[in-house]
file structure_28.cif (mmCIF, C-alpha atoms and all ligand atoms)
data_my_file
#
loop_
_atom_site.label_atom_id
_atom_site.label_comp_id
_atom_site.auth_asym_id
_atom_site.auth_seq_id
_atom_site.Cartn_x
_atom_site.Cartn_y
_atom_site.Cartn_z
CA MET T 1 1.48 1.18 -12.40
CA ALA T 2 4.17 -1.34 -11.77
CA ILE T 3 4.93 -4.64 -10.21
CA ARG T 4 7.50 -3.89 -7.54
CA LYS T 5 10.14 -6.05 -5.91
CA ILE T 6 8.93 -7.57 -2.63
CA GLU T 7 11.31 -7.12 0.28
CA LEU T 8 12.16 -10.33 2.10
CA LEU T 9 12.79 -11.24 5.73
CA GLY T 10 16.05 -9.60 6.73
CA ALA T 11 15.35 -6.30 4.96
CA PRO T 12 15.53 -3.48 7.55
CA VAL T 13 12.47 -1.72 6.08
CA LEU T 14 10.31 -4.63 7.26
CA ARG T 15 11.33 -3.94 10.86
CA ARG T 16 10.81 -0.18 10.89
CA ARG T 17 7.67 1.60 12.12
CA ALA T 18 6.26 3.15 8.94
CA ALA T 19 5.46 6.88 8.87
CA GLU T 20 1.95 8.32 8.84
CA VAL T 21 0.81 9.62 5.47
CA GLU T 22 0.45 13.39 5.79
CA ALA T 23 -1.67 14.09 2.72
CA ALA T 24 -3.50 12.23 -0.01
CA GLY T 25 -2.40 12.85 -3.56
CA GLU T 26 -0.82 11.48 -6.68
CA GLU T 27 2.10 9.89 -4.81
CA ILE T 28 -0.22 7.83 -2.60
CA ARG T 29 -2.53 6.92 -5.48
CA ALA T 30 0.48 5.62 -7.45
CA LEU T 31 1.76 3.72 -4.41
CA VAL T 32 -1.62 2.03 -3.92
CA GLN T 33 -1.76 1.07 -7.59
CA ASP T 34 1.70 -0.50 -7.31
CA LEU T 35 0.58 -2.37 -4.18
CA TRP T 36 -2.45 -3.79 -6.03
CA ASP T 37 -0.37 -4.74 -9.08
CA THR T 38 2.32 -6.41 -6.95
CA MET T 39 -0.17 -8.20 -4.68
CA TYR T 40 -2.29 -9.66 -7.49
CA ASP T 41 0.83 -10.65 -9.44
CA ALA T 42 2.39 -12.51 -6.48
CA PRO T 43 -0.43 -13.59 -5.88
CA GLY T 44 -1.28 -12.65 -2.34
CA VAL T 45 -4.28 -11.56 -0.27
CA GLY T 46 -2.65 -8.48 1.24
CA LEU T 47 0.38 -6.25 0.93
CA ALA T 48 1.75 -3.37 2.99
CA ALA T 49 3.88 -0.51 1.62
CA PRO T 50 7.03 -1.47 3.61
CA GLN T 51 6.98 -4.79 1.74
CA ILE T 52 7.78 -2.90 -1.45
CA GLY T 53 10.35 -0.76 0.33
CA VAL T 54 8.14 2.25 1.11
CA SER T 55 8.00 3.06 4.81
CA LEU T 56 4.51 4.62 4.83
CA ARG T 57 1.31 3.50 6.55
CA VAL T 58 -0.51 2.22 3.48
CA LEU T 59 -1.87 -1.26 2.74
CA VAL T 60 -4.11 -3.21 0.41
CA ALA T 61 -6.04 -6.41 1.11
CA ASP T 62 -8.34 -8.60 -0.94
CA VAL T 63 -9.09 -12.07 0.42
CA ARG T 64 -11.72 -13.11 -2.12
CA GLN T 65 -9.33 -15.73 -3.55
CA THR T 66 -9.54 -17.66 -0.29
CA ASP T 67 -13.01 -16.52 0.80
CA PRO T 68 -15.37 -15.76 -2.09
CA GLU T 69 -17.96 -14.39 0.35
CA ALA T 70 -15.55 -11.79 1.73
CA ALA T 71 -15.94 -8.06 1.25
CA PRO T 72 -14.28 -6.52 -1.84
CA GLY T 73 -10.64 -5.54 -1.56
CA VAL T 74 -9.73 -2.35 0.23
CA ALA T 75 -6.82 0.12 0.23
CA LEU T 76 -6.23 1.79 3.58
CA VAL T 77 -4.12 4.77 4.57
CA ASN T 78 -3.07 5.28 8.21
CA PRO T 79 -5.21 2.35 9.37
CA ARG T 80 -5.48 1.37 13.01
CA VAL T 81 -7.36 -1.28 14.93
CA VAL T 82 -9.84 0.53 17.20
CA GLU T 83 -11.71 -2.53 18.47
CA ALA T 84 -10.75 -6.19 18.64
CA SER T 85 -12.95 -9.07 19.76
CA GLU T 86 -12.00 -11.11 22.79
CA GLU T 87 -12.83 -14.17 20.78
CA THR T 88 -9.81 -15.31 18.80
CA SER T 89 -9.35 -17.51 15.79
CA ARG T 90 -6.48 -19.77 14.81
CA GLU T 91 -5.72 -20.10 11.10
CA VAL T 92 -2.73 -20.75 8.88
CA GLU T 93 -0.97 -17.60 7.72
CA GLY T 94 1.82 -16.90 5.29
CA CYS T 95 3.60 -13.75 4.16
CA LEU T 96 4.86 -12.61 0.76
CA SER T 97 8.04 -11.41 2.50
CA ILE T 98 8.74 -14.90 3.87
CA PRO T 99 7.79 -17.08 0.91
CA GLY T 100 7.24 -20.76 1.61
CA LEU T 101 6.62 -20.43 5.36
CA GLU T 102 3.21 -20.96 6.88
CA GLU T 103 2.06 -21.36 10.44
CA VAL T 104 -1.08 -21.18 12.54
CA VAL T 105 -1.42 -17.74 14.12
CA GLU T 106 -3.91 -16.76 16.80
CA ARG T 107 -5.55 -13.35 16.39
CA PRO T 108 -8.76 -11.59 17.41
CA ALA T 109 -11.57 -13.02 15.31
CA ARG T 110 -13.16 -9.66 14.53
CA VAL T 111 -11.81 -6.14 14.39
CA VAL T 112 -12.97 -2.61 13.70
CA ILE T 113 -10.49 -0.55 11.74
CA GLU T 114 -10.35 3.17 11.13
CA GLY T 115 -8.21 5.06 8.67
CA THR T 116 -8.74 6.85 5.42
CA ASP T 117 -9.17 5.79 1.83
CA VAL T 118 -6.68 6.74 -0.86
CA GLU T 119 -8.34 10.15 -1.29
CA GLY T 120 -8.07 10.95 2.42
CA ARG T 121 -11.74 10.32 3.25
CA PRO T 122 -12.32 8.77 6.69
CA LEU T 123 -13.07 5.09 6.59
CA ARG T 124 -14.32 2.74 9.28
CA LEU T 125 -14.81 -0.92 8.62
CA GLU T 126 -15.75 -4.02 10.53
CA ALA T 127 -14.12 -7.24 9.48
CA GLY T 128 -14.28 -10.91 10.40
CA GLY T 129 -12.85 -14.15 9.04
CA MET T 130 -9.94 -14.05 6.61
CA PHE T 131 -10.48 -10.36 5.95
CA ALA T 132 -9.94 -9.50 9.63
CA ARG T 133 -6.85 -11.70 9.67
CA ALA T 134 -5.33 -10.17 6.54
CA LEU T 135 -5.96 -6.62 7.76
CA GLN T 136 -4.33 -7.33 11.13
CA HIS T 137 -1.37 -8.99 9.40
CA GLU T 138 -0.88 -5.95 7.13
CA ILE T 139 -1.28 -3.42 9.96
CA ASP T 140 1.39 -5.39 11.83
CA HIS T 141 3.70 -4.82 8.85
CA LEU T 142 3.24 -1.05 9.32
CA ASP T 143 4.62 -1.46 12.84
CA GLY T 144 7.55 -3.62 11.76
CA ILE T 145 5.88 -6.78 13.07
CA LEU T 146 5.90 -10.06 11.13
CA PHE T 147 3.57 -13.01 11.70
CA LEU T 148 6.58 -14.92 13.06
CA ASP T 149 6.58 -12.52 16.03
CA ARG T 150 3.09 -13.80 16.94
CA LEU T 151 4.45 -17.33 17.49
CA SER T 152 6.28 -18.86 20.41
CA PRO T 153 10.03 -18.11 20.39
CA LEU T 154 10.80 -21.78 19.84
CA LYS T 155 8.46 -22.12 16.88
CA ARG T 156 9.79 -18.88 15.40
CA LYS T 157 13.37 -20.05 15.67
CA MET T 158 12.53 -23.35 13.97
CA LEU T 159 10.70 -21.65 11.13
CA VAL T 160 13.40 -19.05 10.46
CA LYS T 161 16.00 -21.84 10.37
CA LYS T 162 13.86 -23.75 7.89
CA TRP T 163 13.37 -20.65 5.75
CA LYS T 164 17.08 -19.81 5.63
CA LYS T 165 17.91 -23.38 4.68
CA ALA T 166 15.35 -23.39 1.85
CA LYS T 167 16.57 -20.01 0.61
CA THR T 168 20.20 -21.06 0.32
CA ARG T 169 19.41 -24.30 -1.49
CA PRO T 170 20.41 -23.92 -5.14
CA ALA T 171 17.48 -23.95 -7.55
CA ALA T 172 17.11 -27.19 -9.49
CA THR T 173 16.61 -25.26 -12.70
CA PRO T 174 17.73 -21.71 -13.31
CA PRO T 175 14.83 -19.26 -13.49
CA ALA T 176 13.86 -18.43 -17.06
NI NI M 201 3.05 -10.30 5.27
#
call {"tool": "encode", "arguments": {"input": "structure_28.cif", "output": "structure tokens"}}
result
Amino acid sequence: MAIRKIELLGAPVLRRRAAEVEAAGEEIRALVQDLWDTMYDAPGVGLAAPQIGVSLRVLVADVRQTDPEAAPGVALVNPRVVEASEETSREVEGCLSIPGLEEVVERPARVVIEGTDVEGRPLRLEAGGMFARALQHEIDHLDGILFLDRLSPLKRKMLVKKWKKAKTRPAATPPA
């Protein structure tokens, strides 16, 4: 159990296609625990293994902070979207790997996802609302895709410029 360093935009691991998990076991259980610890500490509503530097297809998501009615948090191994609604939704999204940036992203409103749980048992879940959005965002991470890639090239360019500028600005007070 540990809070891990979150990789930021520019880290090559965020752009790689993560590898399938071959077998459940202690390594994956420990990874999932670190993902939970790091996500809740941040705090965030989802986190994918590449964001803590591990290029494996594992993610966690829990959107109850933003949607109290949402389903409880879930850890998924080798998840994939098997169905996506034609209906889309447009909501503001951010990413723990690009702190401070937010933008409206259009995604399918509802998805069906299959994968396994941390013990390797098959899992199929239907999601809507923020939960569907977070799961799609995290699955994108497993394919090296960031929410910026879902925007128009112009908007993406503007946002990355803004992010780089903010990042290089010296902090007003040194971190304690
Ligand atoms: Ni993200």
call {"tool": "closest_residue", "arguments": {"input": "structure_28.cif", "among": "T:Gly53, T:Gly120, T:Gly44, T:Pro12", "to": "Leu31 (chain T)", "atoms": "all atoms listed in the file"}}
result
T:Gly53
call {"tool": "atom_distance", "arguments": {"input": "structure_28.cif", "atom1": "CA of Ile6 (chain T)", "atom2": "CA of Thr38 (chain T)"}}
result
8.0 Å
call {"tool": "atom_distance", "arguments": {"input": "structure_28.cif", "atom1": "CA of Leu47 (chain T)", "atom2": "CA of Glu138 (chain T)"}}
result
6.3 Å
call {"tool": "atom_distance", "arguments": {"input": "structure_28.cif", "atom1": "CA of Val81 (chain T)", "atom2": "CA of His141 (chain T)"}}
result
13.1 Å
call {"tool": "residues_around", "arguments": {"input": "structure_28.cif", "residues": "Ala18 (chain T)", "least_positions_apart": "6", "cutoff": "7 Å", "atoms": "all atoms listed in the file", "output": "mmCIF file with C-alpha atoms, in the coordinates of the input"}}
result
data_model
loop_
_atom_site.group_PDB
_atom_site.id
_atom_site.type_symbol
_atom_site.label_atom_id
_atom_site.label_comp_id
_atom_site.auth_asym_id
_atom_site.auth_seq_id
_atom_site.Cartn_x
_atom_site.Cartn_y
_atom_site.Cartn_z
ATOM 1 C CA SER T 55 8.000 3.060 4.810
ATOM 2 C CA LEU T 56 4.510 4.620 4.830
ATOM 3 C CA ARG T 57 1.310 3.500 6.550
ATOM 4 C CA LEU T 142 3.240 -1.050 9.320
ATOM 5 C CA ASP T 143 4.620 -1.460 12.840
#
call {"tool": "residues_near_ligand", "arguments": {"input": "structure_28.cif", "ligand": "ligand NI 201 (chain M)", "cutoff": "10 Å", "atoms": "only C-alpha atoms and all ligand atoms", "output": "ChimeraX atom specification"}}
result
/T:8-9,14,44-48,50-51,93-99,134,136-141,145-148
call {"tool": "closest_residue", "arguments": {"input": "structure_28.cif", "among": "T:Val60, T:Gly115, T:Ser89, T:Arg124", "to": "Pro72 (chain T)", "atoms": "all atoms listed in the file"}}
result
T:Val60
call {"tool": "closest_residue", "arguments": {"input": "structure_28.cif", "among": "T:Tyr40, T:Arg150, T:Glu126, T:Val118", "to": "Glu26 (chain T)", "atoms": "all atoms listed in the file"}}
result
T:Val118
call {"tool": "closest_residue", "arguments": {"input": "structure_28.cif", "among": "T:Ala70, T:Pro122, T:Met130, T:Pro79", "to": "Ala109 (chain T)", "atoms": "all atoms listed in the file"}}
result
T:Met130
call {"tool": "closest_residue", "arguments": {"input": "structure_28.cif", "among": "T:Ala166, T:Val82, T:Leu59, T:Val112", "to": "Trp36 (chain T)", "atoms": "all atoms listed in the file"}}
result
T:Leu59
call {"tool": "residues_near_point", "arguments": {"input": "structure_28.cif", "point": "(-4.9, 0.3, 0.3)", "cutoff": "7 Å", "atoms": "only C-alpha atoms", "output": "PyMOL selection string"}}
result
chain T and resi 32+58-61+74-77+118
call {"tool": "closest_residue", "arguments": {"input": "structure_28.cif", "among": "T:Lys5, T:Arg80, T:Arg29, T:Arg17", "to": "Ile52 (chain T)", "atoms": "all atoms listed in the file"}}
result
T:Lys5
call {"tool": "residues_around", "arguments": {"input": "structure_28.cif", "residues": "Arg90 (chain T)", "least_positions_apart": "3", "cutoff": "9 Å", "atoms": "all atoms listed in the file", "output": "list of chain:residue names"}}
result
T:Val104, T:Val105, T:Glu106, T:Arg107, T:Pro108, T:Ala109
